[in-house]
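Note: the block below is data-v9.pdb and it holds PDB, C-alpha atoms.
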ATOM      1  CA  MET A   1     163.318 130.531 124.663  1.00  0.00           C
ATOM      2  CA  THR A   2     162.411 127.980 127.351  1.00  0.00           C
ATOM      3  CA  ILE A   3     160.166 124.940 126.961  1.00  0.00           C
ATOM      4  CA  LEU A   4     157.603 125.289 129.732  1.00  0.00           C
ATOM      5  CA  ALA A   5     155.398 122.241 129.250  1.00  0.00           C
ATOM      6  CA  ARG A   6     154.163 119.537 126.910  1.00  0.00           C
ATOM      7  CA  VAL A   7     150.622 118.190 126.966  1.00  0.00           C
ATOM      8  CA  PHE A   8     150.200 114.638 125.651  1.00  0.00           C
ATOM      9  CA  VAL A   9     146.611 114.089 124.525  1.00  0.00           C
ATOM     10  CA  VAL A  10     145.765 110.423 123.941  1.00  0.00           C
ATOM     11  CA  ARG A  11     142.591 108.873 122.596  1.00  0.00           C
ATOM     12  CA  HIS A  12     141.351 105.777 124.432  1.00  0.00           C
ATOM     13  CA  GLY A  13     141.997 102.250 123.182  1.00  0.00           C
ATOM     14  CA  GLU A  14     139.628 100.254 120.999  1.00  0.00           C
ATOM     15  CA  THR A  15     136.277  98.953 122.266  1.00  0.00           C
ATOM     16  CA  ASP A  16     133.919  96.400 120.744  1.00  0.00           C
ATOM     17  CA  SER A  17     131.670  99.318 119.825  1.00  0.00           C
ATOM     18  CA  ASN A  18     134.535 100.933 117.902  1.00  0.00           C
ATOM     19  CA  HIS A  19     135.140  97.642 116.124  1.00  0.00           C
ATOM     20  CA  ASN A  20     131.454  97.242 115.224  1.00  0.00           C
ATOM     21  CA  ARG A  21     130.983 100.917 114.224  1.00  0.00           C
ATOM     22  CA  ILE A  22     128.535 101.533 117.076  1.00  0.00           C
ATOM     23  CA  ILE A  23     128.059 105.144 118.165  1.00  0.00           C
ATOM     24  CA  GLN A  24     129.128 105.274 121.808  1.00  0.00           C
ATOM     25  CA  GLY A  25     128.839 108.916 122.798  1.00  0.00           C
ATOM     26  CA  GLN A  26     128.781 108.781 126.592  1.00  0.00           C
ATOM     27  CA  LEU A  27     127.948 105.070 126.883  1.00  0.00           C
ATOM     28  CA  ASP A  28     130.405 103.593 129.381  1.00  0.00           C
ATOM     29  CA  THR A  29     132.063 100.902 127.252  1.00  0.00           C
ATOM     30  CA  GLN A  30     135.199  98.939 128.108  1.00  0.00           C
ATOM     31  CA  LEU A  31     138.380  98.235 126.167  1.00  0.00           C
ATOM     32  CA  ASN A  32     138.429  95.029 124.158  1.00  0.00           C
ATOM     33  CA  ALA A  33     141.505  92.807 123.763  1.00  0.00           C
ATOM     34  CA  THR A  34     142.874  94.992 120.953  1.00  0.00           C
ATOM     35  CA  GLY A  35     142.287  98.113 123.030  1.00  0.00           C
ATOM     36  CA  LEU A  36     144.153  96.639 125.984  1.00  0.00           C
ATOM     37  CA  ALA A  37     147.058  95.740 123.683  1.00  0.00           C
ATOM     38  CA  GLN A  38     147.044  99.261 122.231  1.00  0.00           C
ATOM     39  CA  ALA A  39     147.071 100.745 125.739  1.00  0.00           C
ATOM     40  CA  THR A  40     149.987  98.530 126.744  1.00  0.00           C
ATOM     41  CA  VAL A  41     152.059  99.558 123.711  1.00  0.00           C
ATOM     42  CA  THR A  42     151.178 103.224 124.266  1.00  0.00           C
ATOM     43  CA  ALA A  43     152.306 102.913 127.889  1.00  0.00           C
ATOM     44  CA  GLU A  44     155.673 101.641 126.667  1.00  0.00           C
ATOM     45  CA  ALA A  45     155.918 104.524 124.179  1.00  0.00           C
ATOM     46  CA  LEU A  46     155.324 107.093 126.931  1.00  0.00           C
ATOM     47  CA  LYS A  47     157.361 105.303 129.598  1.00  0.00           C
ATOM     48  CA  SER A  48     160.244 107.785 129.459  1.00  0.00           C
ATOM     49  CA  VAL A  49     158.050 110.898 129.763  1.00  0.00           C
ATOM     50  CA  SER A  50     158.171 112.349 133.279  1.00  0.00           C
ATOM     51  CA  PHE A  51     154.513 113.165 133.842  1.00  0.00           C
ATOM     52  CA  ASP A  52     153.569 115.378 136.765  1.00  0.00           C
ATOM     53  CA  LYS A  53     149.824 115.694 136.023  1.00  0.00           C
ATOM     54  CA  ALA A  54     147.297 113.273 134.550  1.00  0.00           C
ATOM     55  CA  PHE A  55     143.653 113.799 133.586  1.00  0.00           C
ATOM     56  CA  THR A  56     141.141 111.427 132.036  1.00  0.00           C
ATOM     57  CA  SER A  57     137.537 111.227 131.012  1.00  0.00           C
ATOM     58  CA  ASP A  58     135.669 109.299 133.681  1.00  0.00           C
ATOM     59  CA  LEU A  59     134.365 106.828 131.074  1.00  0.00           C
ATOM     60  CA  GLN A  60     136.004 103.412 131.459  1.00  0.00           C
ATOM     61  CA  ARG A  61     137.527 103.166 128.012  1.00  0.00           C
ATOM     62  CA  ALA A  62     139.552 106.322 128.694  1.00  0.00           C
ATOM     63  CA  SER A  63     140.375 105.741 132.362  1.00  0.00           C
ATOM     64  CA  GLU A  64     141.476 102.137 131.685  1.00  0.00           C
ATOM     65  CA  THR A  65     143.865 103.413 129.000  1.00  0.00           C
ATOM     66  CA  ALA A  66     145.203 106.085 131.339  1.00  0.00           C
ATOM     67  CA  GLU A  67     145.749 103.581 134.141  1.00  0.00           C
ATOM     68  CA  ARG A  68     147.808 101.365 131.814  1.00  0.00           C
ATOM     69  CA  ILE A  69     149.995 104.328 130.861  1.00  0.00           C
ATOM     70  CA  LEU A  70     150.457 105.444 134.473  1.00  0.00           C
ATOM     71  CA  GLN A  71     151.635 102.023 135.632  1.00  0.00           C
ATOM     72  CA  TYR A  72     155.112 103.323 134.709  1.00  0.00           C
ATOM     73  CA  HIS A  73     154.537 106.576 136.593  1.00  0.00           C
ATOM     74  CA  PRO A  74     153.793 105.643 140.209  1.00  0.00           C
ATOM     75  CA  GLY A  75     152.738 108.474 142.456  1.00  0.00           C
ATOM     76  CA  ILE A  76     151.001 110.466 139.725  1.00  0.00           C
ATOM     77  CA  GLU A  77     147.376 111.069 140.657  1.00  0.00           C
ATOM     78  CA  LEU A  78     144.875 110.338 137.890  1.00  0.00           C
ATOM     79  CA  VAL A  79     142.125 112.948 137.963  1.00  0.00           C
ATOM     80  CA  LYS A  80     138.847 111.735 136.428  1.00  0.00           C
ATOM     81  CA  ASP A  81     136.933 114.604 134.870  1.00  0.00           C
ATOM     82  CA  SER A  82     133.489 114.247 133.262  1.00  0.00           C
ATOM     83  CA  ALA A  83     134.197 117.364 131.183  1.00  0.00           C
ATOM     84  CA  LEU A  84     136.563 115.217 129.077  1.00  0.00           C
ATOM     85  CA  ARG A  85     133.774 112.849 128.035  1.00  0.00           C
ATOM     86  CA  GLU A  86     132.824 112.218 124.422  1.00  0.00           C
ATOM     87  CA  ARG A  87     130.009 114.247 122.900  1.00  0.00           C
ATOM     88  CA  PHE A  88     126.605 113.159 124.193  1.00  0.00           C
ATOM     89  CA  MET A  89     124.812 111.664 121.201  1.00  0.00           C
ATOM     90  CA  GLY A  90     121.333 111.159 122.673  1.00  0.00           C
ATOM     91  CA  GLU A  91     119.151 108.727 120.717  1.00  0.00           C
ATOM     92  CA  MET A  92     122.058 107.856 118.454  1.00  0.00           C
ATOM     93  CA  GLN A  93     124.022 106.172 121.243  1.00  0.00           C
ATOM     94  CA  GLY A  94     124.075 102.419 120.757  1.00  0.00           C
ATOM     95  CA  LYS A  95     123.102 102.613 117.074  1.00  0.00           C
ATOM     96  CA  LYS A  96     125.320 101.385 114.267  1.00  0.00           C
ATOM     97  CA  GLY A  97     126.778 104.294 112.301  1.00  0.00           C
ATOM     98  CA  PRO A  98     126.489 106.162 110.128  1.00  0.00           C
ATOM     99  CA  VAL A  99     122.978 107.152 111.242  1.00  0.00           C
ATOM    100  CA  ASP A 100     120.531 108.954 108.972  1.00  0.00           C
ATOM    101  CA  MET A 101     119.516 112.035 110.950  1.00  0.00           C
ATOM    102  CA  LYS A 102     115.994 111.720 109.491  1.00  0.00           C
ATOM    103  CA  GLU A 103     115.550 108.610 111.633  1.00  0.00           C
ATOM    104  CA  ILE A 104     116.206 110.495 114.874  1.00  0.00           C
ATOM    105  CA  SER A 105     112.944 111.595 116.480  1.00  0.00           C
ATOM    106  CA  ASP A 106     114.472 113.930 119.070  1.00  0.00           C
ATOM    107  CA  LEU A 107     117.501 115.864 117.800  1.00  0.00           C
ATOM    108  CA  SER A 108     117.396 117.992 120.949  1.00  0.00           C
ATOM    109  CA  SER A 109     118.753 114.994 122.857  1.00  0.00           C
ATOM    110  CA  ILE A 110     122.125 115.417 121.093  1.00  0.00           C
ATOM    111  CA  GLU A 111     124.690 117.786 122.596  1.00  0.00           C
ATOM    112  CA  THR A 112     124.799 120.762 120.228  1.00  0.00           C
ATOM    113  CA  ASP A 113     127.917 121.861 118.382  1.00  0.00           C
ATOM    114  CA  GLU A 114     127.956 125.059 120.448  1.00  0.00           C
ATOM    115  CA  ALA A 115     127.534 123.303 123.799  1.00  0.00           C
ATOM    116  CA  PHE A 116     130.195 120.726 122.931  1.00  0.00           C
ATOM    117  CA  ALA A 117     132.703 123.376 121.804  1.00  0.00           C
ATOM    118  CA  HIS A 118     131.988 125.384 124.950  1.00  0.00           C
ATOM    119  CA  ARG A 119     132.661 122.325 127.116  1.00  0.00           C
ATOM    120  CA  CYS A 120     135.974 121.685 125.332  1.00  0.00           C
ATOM    121  CA  ILE A 121     137.270 125.230 125.681  1.00  0.00           C
ATOM    122  CA  ALA A 122     135.956 125.582 129.245  1.00  0.00           C
ATOM    123  CA  TRP A 123     138.006 122.529 130.223  1.00  0.00           C
ATOM    124  CA  TYR A 124     141.070 123.991 128.471  1.00  0.00           C
ATOM    125  CA  ASN A 125     140.685 127.310 130.273  1.00  0.00           C
ATOM    126  CA  ARG A 126     140.132 125.619 133.643  1.00  0.00           C
ATOM    127  CA  VAL A 127     142.990 123.097 133.433  1.00  0.00           C
ATOM    128  CA  ILE A 128     145.565 124.021 130.784  1.00  0.00           C
ATOM    129  CA  ILE A 129     145.690 127.810 131.136  1.00  0.00           C
ATOM    130  CA  PRO A 130     146.631 127.720 134.861  1.00  0.00           C
ATOM    131  CA  TYR A 131     149.125 124.912 134.139  1.00  0.00           C
ATOM    132  CA  ILE A 132     151.050 127.013 131.611  1.00  0.00           C
ATOM    133  CA  SER A 133     150.822 130.309 133.495  1.00  0.00           C
ATOM    134  CA  VAL A 134     154.253 131.934 133.818  1.00  0.00           C
ATOM    135  CA  THR A 135     153.057 133.843 136.897  1.00  0.00           C
ATOM    136  CA  LYS A 136     152.475 130.759 139.019  1.00  0.00           C
ATOM    137  CA  PRO A 137     154.936 130.612 141.932  1.00  0.00           C
ATOM    138  CA  ASP A 138     155.614 126.881 141.419  1.00  0.00           C
ATOM    139  CA  VAL A 139     156.623 127.277 137.767  1.00  0.00           C
ATOM    140  CA  SER A 140     160.256 126.357 137.252  1.00  0.00           C
ATOM    141  CA  GLU A 141     162.136 127.051 134.068  1.00  0.00           C
ATOM    142  CA  ASP A 142     164.651 124.328 134.886  1.00  0.00           C
ATOM    143  CA  ARG A 143     162.632 121.475 133.411  1.00  0.00           C
ATOM    144  CA  CYS A 144     159.770 120.877 131.039  1.00  0.00           C
ATOM    145  CA  ARG A 145     156.595 119.778 132.795  1.00  0.00           C
ATOM    146  CA  ASN A 146     154.445 117.083 131.201  1.00  0.00           C
ATOM    147  CA  MET A 147     150.706 116.483 131.398  1.00  0.00           C
ATOM    148  CA  LEU A 148     148.827 113.381 130.260  1.00  0.00           C
ATOM    149  CA  VAL A 149     145.246 113.812 129.021  1.00  0.00           C
ATOM    150  CA  LEU A 150     143.017 110.857 128.037  1.00  0.00           C
ATOM    151  CA  SER A 151     139.865 111.603 126.106  1.00  0.00           C
ATOM    152  CA  HIS A 152     137.806 110.690 123.042  1.00  0.00           C
ATOM    153  CA  GLY A 153     138.011 111.218 119.294  1.00  0.00           C
ATOM    154  CA  ALA A 154     135.411 113.952 118.840  1.00  0.00           C
ATOM    155  CA  PHE A 155     136.489 115.809 121.999  1.00  0.00           C
ATOM    156  CA  ILE A 156     140.164 115.844 120.987  1.00  0.00           C
ATOM    157  CA  ALA A 157     139.417 116.853 117.391  1.00  0.00           C
ATOM    158  CA  THR A 158     137.090 119.653 118.505  1.00  0.00           C
ATOM    159  CA  LEU A 159     139.558 120.970 121.074  1.00  0.00           C
ATOM    160  CA  PHE A 160     142.427 121.024 118.573  1.00  0.00           C
ATOM    161  CA  ARG A 161     140.244 122.611 115.903  1.00  0.00           C
ATOM    162  CA  ILE A 162     139.354 125.413 118.318  1.00  0.00           C
ATOM    163  CA  MET A 163     143.004 125.897 119.297  1.00  0.00           C
ATOM    164  CA  ILE A 164     144.108 126.063 115.652  1.00  0.00           C
ATOM    165  CA  TYR A 165     141.439 128.412 114.334  1.00  0.00           C
ATOM    166  CA  SER A 166     141.556 130.662 117.407  1.00  0.00           C
ATOM    167  CA  ASN A 167     145.335 130.952 116.920  1.00  0.00           C
ATOM    168  CA  TYR A 168     146.025 129.493 120.369  1.00  0.00           C
ATOM    169  CA  VAL A 169     148.706 127.358 118.710  1.00  0.00           C
ATOM    170  CA  THR A 170     150.851 127.222 115.620  1.00  0.00           C
ATOM    171  CA  CYS A 171     150.760 124.011 113.631  1.00  0.00           C
ATOM    172  CA  PRO A 172     151.875 122.365 110.400  1.00  0.00           C
ATOM    173  CA  ALA A 173     150.219 123.967 107.377  1.00  0.00           C
ATOM    174  CA  GLU A 174     148.388 120.772 106.434  1.00  0.00           C
ATOM    175  CA  LEU A 175     146.471 120.858 109.736  1.00  0.00           C
ATOM    176  CA  LYS A 176     145.411 124.465 109.305  1.00  0.00           C
ATOM    177  CA  LEU A 177     144.525 124.289 105.627  1.00  0.00           C
ATOM    178  CA  GLY A 178     142.731 120.950 105.534  1.00  0.00           C
ATOM    179  CA  SER A 179     140.356 118.944 107.666  1.00  0.00           C
ATOM    180  CA  LEU A 180     141.949 117.237 110.652  1.00  0.00           C
ATOM    181  CA  PRO A 181     142.744 113.566 110.031  1.00  0.00           C
ATOM    182  CA  THR A 182     140.763 110.891 111.866  1.00  0.00           C
ATOM    183  CA  LEU A 183     142.204 110.028 115.260  1.00  0.00           C
ATOM    184  CA  GLY A 184     142.983 106.336 115.679  1.00  0.00           C
ATOM    185  CA  ASN A 185     142.591 104.574 118.997  1.00  0.00           C
ATOM    186  CA  THR A 186     145.502 105.404 121.359  1.00  0.00           C
ATOM    187  CA  SER A 187     146.789 108.014 118.918  1.00  0.00           C
ATOM    188  CA  ILE A 188     149.056 110.591 120.547  1.00  0.00           C
ATOM    189  CA  SER A 189     148.830 114.339 119.989  1.00  0.00           C
ATOM    190  CA  VAL A 190     151.358 116.669 121.611  1.00  0.00           C
ATOM    191  CA  VAL A 191     151.244 120.408 122.253  1.00  0.00           C
ATOM    192  CA  GLU A 192     154.409 122.171 123.401  1.00  0.00           C
ATOM    193  CA  TYR A 193     154.289 125.445 125.355  1.00  0.00           C
ATOM    194  CA  ARG A 194     157.297 127.768 125.355  1.00  0.00           C
ATOM    195  CA  ILE A 195     158.210 130.903 127.306  1.00  0.00           C
ATOM    196  CA  VAL A 196     159.264 133.694 124.969  1.00  0.00           C
ATOM    197  CA  SER A 197     160.765 136.940 126.273  1.00  0.00           C
ATOM    198  CA  ARG A 198     159.679 140.130 124.563  1.00  0.00           C
ATOM    199  CA  GLY A 199     161.476 142.979 126.260  1.00  0.00           C
ATOM    200  CA  LYS A 200     160.441 142.905 129.893  1.00  0.00           C
ATOM    201  CA  ARG A 201     157.427 140.709 129.169  1.00  0.00           C
ATOM    202  CA  ARG A 202     157.299 136.918 129.192  1.00  0.00           C
ATOM    203  CA  GLU A 203     154.698 135.298 126.965  1.00  0.00           C
ATOM    204  CA  VAL A 204     153.673 131.726 126.274  1.00  0.00           C
ATOM    205  CA  GLU A 205     153.540 130.378 122.724  1.00  0.00           C
ATOM    206  CA  ALA A 206     152.378 126.929 121.680  1.00  0.00           C
ATOM    207  CA  ASP A 207     153.095 124.499 118.838  1.00  0.00           C
ATOM    208  CA  ILE A 208     151.372 121.279 117.849  1.00  0.00           C
ATOM    209  CA  LEU A 209     154.259 118.788 117.634  1.00  0.00           C
ATOM    210  CA  LYS A 210     152.106 115.765 116.777  1.00  0.00           C
ATOM    211  CA  TYR A 211     148.492 115.169 115.883  1.00  0.00           C
ATOM    212  CA  GLY A 212     146.975 111.690 115.846  1.00  0.00           C
ATOM    213  CA  ASP A 213     150.318 109.874 115.739  1.00  0.00           C
ATOM    214  CA  ILE A 214     149.972 106.073 115.792  1.00  0.00           C
ATOM    215  CA  SER A 215     153.533 105.156 114.773  1.00  0.00           C
ATOM    216  CA  HIS A 216     154.129 103.678 118.245  1.00  0.00           C
ATOM    217  CA  LEU A 217     151.530 100.965 117.635  1.00  0.00           C
ATOM    218  CA  ARG A 218     153.979  99.095 115.402  1.00  0.00           C
ATOM    219  CA  GLY A 219     151.506  97.299 113.161  1.00  0.00           C
ATOM    220  CA  LEU A 220     148.653  96.793 115.635  1.00  0.00           C
ATOM    221  CA  HIS A 221     145.308  97.092 113.846  1.00  0.00           C
ATOM    222  CA  VAL A 222     143.792 100.590 114.049  1.00  0.00           C
ATOM    223  CA  ILE A 223     140.249 101.340 112.865  1.00  0.00           C
ATOM    224  CA  GLU A 224     140.274 104.144 110.308  1.00  0.00           C
ATOM    225  CA  GLU A 225     136.778 105.500 111.062  1.00  0.00           C
ATOM    226  CA  ASN A 226     135.193 106.774 114.269  1.00  0.00           C
ATOM    227  CA  ALA A 227     131.422 106.225 114.330  1.00  0.00           C
ATOM    228  CA  ASP A 228     131.036 109.031 116.885  1.00  0.00           C
ATOM    229  CA  VAL A 229     132.189 111.609 114.348  1.00  0.00           C
ATOM    230  CA  VAL A 230     130.792 110.057 111.140  1.00  0.00           C
ATOM    231  CA  VAL A 231     127.107 110.938 110.889  1.00  0.00           C
ATOM    232  CA  ASP A 232     124.969 110.871 107.746  1.00  0.00           C
ATOM    233  CA  GLN A 233     123.175 114.234 107.784  1.00  0.00           C
ATOM    234  CA  SER A 234     121.734 113.904 104.276  1.00  0.00           C
TER
END
Translate the structure of the given file into structure tokens.
Amino acid sequence: MTILARVFVVRHGETDSNHNRIIQGQLDTQLNATGLAQATVTAEALKSVSFDKAFTSDLQRASETAERILQYHPGIELVKDSALRERFMGEMQGKKGPVDMKEISDLSSIETDEAFAHRCIAWYNRVIIPYISVTKPDVSEDRCRNMLVLSHGAFIATLFRIMIYSNYVTCPAELKLGSLPTLGNTSISVVEYRIVSRGKRREVEADILKYGDISHLRGLHVIEENADVVVDQS
């Protein structure tokens, strides 16, 4: 068994909107002082990882976090991809959460569950599947490749939920049996891809090594709720 790659999926640092429980969706908010501190500590935590690819949502709060992390990885191109954006929340963007859905006049302005899930898995198929292909000519089994991905709480949770329930990955039982825990700002989730030989065939298997880990923050304040995923639908 050979470790082919690890994908490090990081949520952006804190913004004032996070702090004030404002639904951001695709509003282009910036990191606040706490978020910058979180990004700096996360950069230190990932300093020893030899990244060879890096992707980020093009929204500032994600790209700023990614840039802080990559300061220790000169020469790695940061690819900004709008497909990694948070769910578009329409009229709800800019409102303090949780929002009573009865107060929203145009629900069609919100990105649907189906459209959002499709965007998540389309990104995975476009970026991750080619990266872990064992048929690519540039794939070496001599070292584990590492990819950095910066995105948002609802996007990351939705992507991991799809991977788990579609059996793309194996994971700890508590992730499969229960609801996924809330992702704190600059939390780190890691998926490991391995090459497994089965007779003459080589296949790729995947494990979730970490989900929403914030142990690296060493006591920095982390908000326990994400207004973008907490909506009052009663």
message: With distances taken over only C-alpha atoms, which residue among A:Asp28, A:Glu64, A:Glu114, A:Asp81 lies nearest A:His12?
response: A:Glu64
task: Could you check which of A:Gln38, A:His221, A:Ile164, A:Val9 is closest to A:Lys176, using all atoms listed in the file?
output: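 Answer, going by the shortest atom-to-atom distance: A:Ile164.
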statement: What separates atom CA of A:Arg218 and atom CA of A:Glu67 is a distance of 21.0 Å
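One distance worth recording is that between atom CA of A:Leu180 and atom CA of A:Thr15, which is 22.4 Å.
The space separating atom CA of A:Lys95 from atom CA of A:Ile162 comes to 28.0 Å.
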- request: Report as an MDAnalysis selection string the full result of the PyMOL selection byres ((chain A and resi 190-195) around 6) when it is applied to this structure.
  value: chainID A and resid 1:8 189 196 203:210
- prompt: Using only C-alpha atoms, which of A:Ser57, A:Gln93, A:Ser187, A:Thr170 sits nearest A:Ala227?
  reply: A:Gln93
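By chain and then residue number, the residues within 8 Å of A:Gln24 are Ser17, Asn18, Met89, Gln93, Gly94, Ala227 and Asp228 of chain A, counting all atoms listed in the file and disregarding those fewer than 6 positions away in sequence.
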At most 12 Å from (151.2, 116.0, 140.5), file frame, only C-alpha atoms: which residues, as a PDB file with C-alpha atoms, keeping the file's coordinate frame?
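Output file selection.pdb follows:
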ATOM      1  CA  SER A  50     158.171 112.349 133.279  1.00  0.00           C
ATOM      2  CA  PHE A  51     154.513 113.165 133.842  1.00  0.00           C
ATOM      3  CA  ASP A  52     153.569 115.378 136.765  1.00  0.00           C
ATOM      4  CA  LYS A  53     149.824 115.694 136.023  1.00  0.00           C
ATOM      5  CA  ALA A  54     147.297 113.273 134.550  1.00  0.00           C
ATOM      6  CA  PHE A  55     143.653 113.799 133.586  1.00  0.00           C
ATOM      7  CA  HIS A  73     154.537 106.576 136.593  1.00  0.00           C
ATOM      8  CA  PRO A  74     153.793 105.643 140.209  1.00  0.00           C
ATOM      9  CA  GLY A  75     152.738 108.474 142.456  1.00  0.00           C
ATOM     10  CA  ILE A  76     151.001 110.466 139.725  1.00  0.00           C
ATOM     11  CA  GLU A  77     147.376 111.069 140.657  1.00  0.00           C
ATOM     12  CA  LEU A  78     144.875 110.338 137.890  1.00  0.00           C
ATOM     13  CA  VAL A  79     142.125 112.948 137.963  1.00  0.00           C
ATOM     14  CA  TYR A 131     149.125 124.912 134.139  1.00  0.00           C
ATOM     15  CA  ASP A 138     155.614 126.881 141.419  1.00  0.00           C
ATOM     16  CA  ARG A 145     156.595 119.778 132.795  1.00  0.00           C
ATOM     17  CA  ASN A 146     154.445 117.083 131.201  1.00  0.00           C
ATOM     18  CA  MET A 147     150.706 116.483 131.398  1.00  0.00           C
ATOM     19  CA  LEU A 148     148.827 113.381 130.260  1.00  0.00           C
TER      20      LEU A 148
END
query: Looking at A:Gln71, A:Ser63, A:Ser179, A:Ser82, which one is nearest to A:Gln26, with distances taken over all atoms listed in the file?
result: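 Selected residue with least distance to A:Gln26: A:Ser82.
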Sorted by chain and rising residue number, list the residues of stretch 15-102 of chain A at most 10 Å from stretch 152-159 of chain A (counting all atoms listed in the file), each with its closest atom pair and distance in Å to one decimal, as a Markdown table.
| residue | atom | partner | partner_atom | distance |
| --- | --- | --- | --- | --- |
| A:Gly25 | CA | A:His152 | CA | 9.1 |
| A:Gln26 | CA | A:His152 | CA | 9.9 |
| A:Thr56 | CA | A:His152 | CA | 9.6 |
| A:Ser57 | CA | A:His152 | CA | 8.0 |
| A:Leu59 | CA | A:His152 | CA | 9.6 |
| A:Arg61 | CA | A:His152 | CA | 9.0 |
| A:Ala62 | CA | A:His152 | CA | 7.4 |
| A:Ala83 | CA | A:Phe155 | CA | 9.6 |
| A:Leu84 | CA | A:Phe155 | CA | 7.1 |
| A:Arg85 | CA | A:His152 | CA | 6.8 |
| A:Glu86 | CA | A:His152 | CA | 5.4 |
| A:Arg87 | CA | A:Phe155 | CA | 6.7 |
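Considering the residues A:Leu183, A:Ile22, A:Cys144, A:Ala37 and counting all atoms listed in the file, A:Ile132 has its shortest atom-to-atom contact with A:Cys144.
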query: Of the residues A:Ser133, A:Asn167, A:Thr186, A:Ser108, which is the one nearest to A:Ala43, using all atoms listed in the file?
result: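 Once distances to A:Ala43 are computed over all atoms listed in the file, the minimum belongs to A:Thr186.
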message: Please enumerate the residues selected by the PyMOL selection byres ((chain A and resi 40) around 12) when evaluated against the supplied file, formatted as a ChimeraX atom specification.
response: /A:12-14,31,33-39,41-47,64-72,186,216-217,220
Generate a file of the selected residues that holds C-alpha atoms, formatted as a CSV table (one decimal), in the frame of the given file.
chain,number,residue,atom,x,y,z
A,12,HIS,CA,141.4,105.8,124.4
A,13,GLY,CA,142.0,102.2,123.2
A,14,GLU,CA,139.6,100.3,121.0
A,31,LEU,CA,138.4,98.2,126.2
A,33,ALA,CA,141.5,92.8,123.8
A,34,THR,CA,142.9,95.0,121.0
A,35,GLY,CA,142.3,98.1,123.0
A,36,LEU,CA,144.2,96.6,126.0
A,37,ALA,CA,147.1,95.7,123.7
A,38,GLN,CA,147.0,99.3,122.2
A,39,ALA,CA,147.1,100.7,125.7
A,41,VAL,CA,152.1,99.6,123.7
A,42,THR,CA,151.2,103.2,124.3
A,43,ALA,CA,152.3,102.9,127.9
A,44,GLU,CA,155.7,101.6,126.7
A,45,ALA,CA,155.9,104.5,124.2
A,46,LEU,CA,155.3,107.1,126.9
A,47,LYS,CA,157.4,105.3,129.6
A,64,GLU,CA,141.5,102.1,131.7
A,65,THR,CA,143.9,103.4,129.0
A,66,ALA,CA,145.2,106.1,131.3
A,67,GLU,CA,145.7,103.6,134.1
A,68,ARG,CA,147.8,101.4,131.8
A,69,ILE,CA,150.0,104.3,130.9
A,70,LEU,CA,150.5,105.4,134.5
A,71,GLN,CA,151.6,102.0,135.6
A,72,TYR,CA,155.1,103.3,134.7
A,186,THR,CA,145.5,105.4,121.4
A,216,HIS,CA,154.1,103.7,118.2
A,217,LEU,CA,151.5,101.0,117.6
A,220,LEU,CA,148.7,96.8,115.6
Around stretch 180-186 of chain A, fit a box with edges along x, y and z, padding it by 5 Å on each side, then list its centre and edge lengths in Å to one decimal as JSON.
{"center_x": 143.1, "center_y": 110.9, "center_z": 115.7, "size_x": 14.7, "size_y": 22.7, "size_z": 21.3}
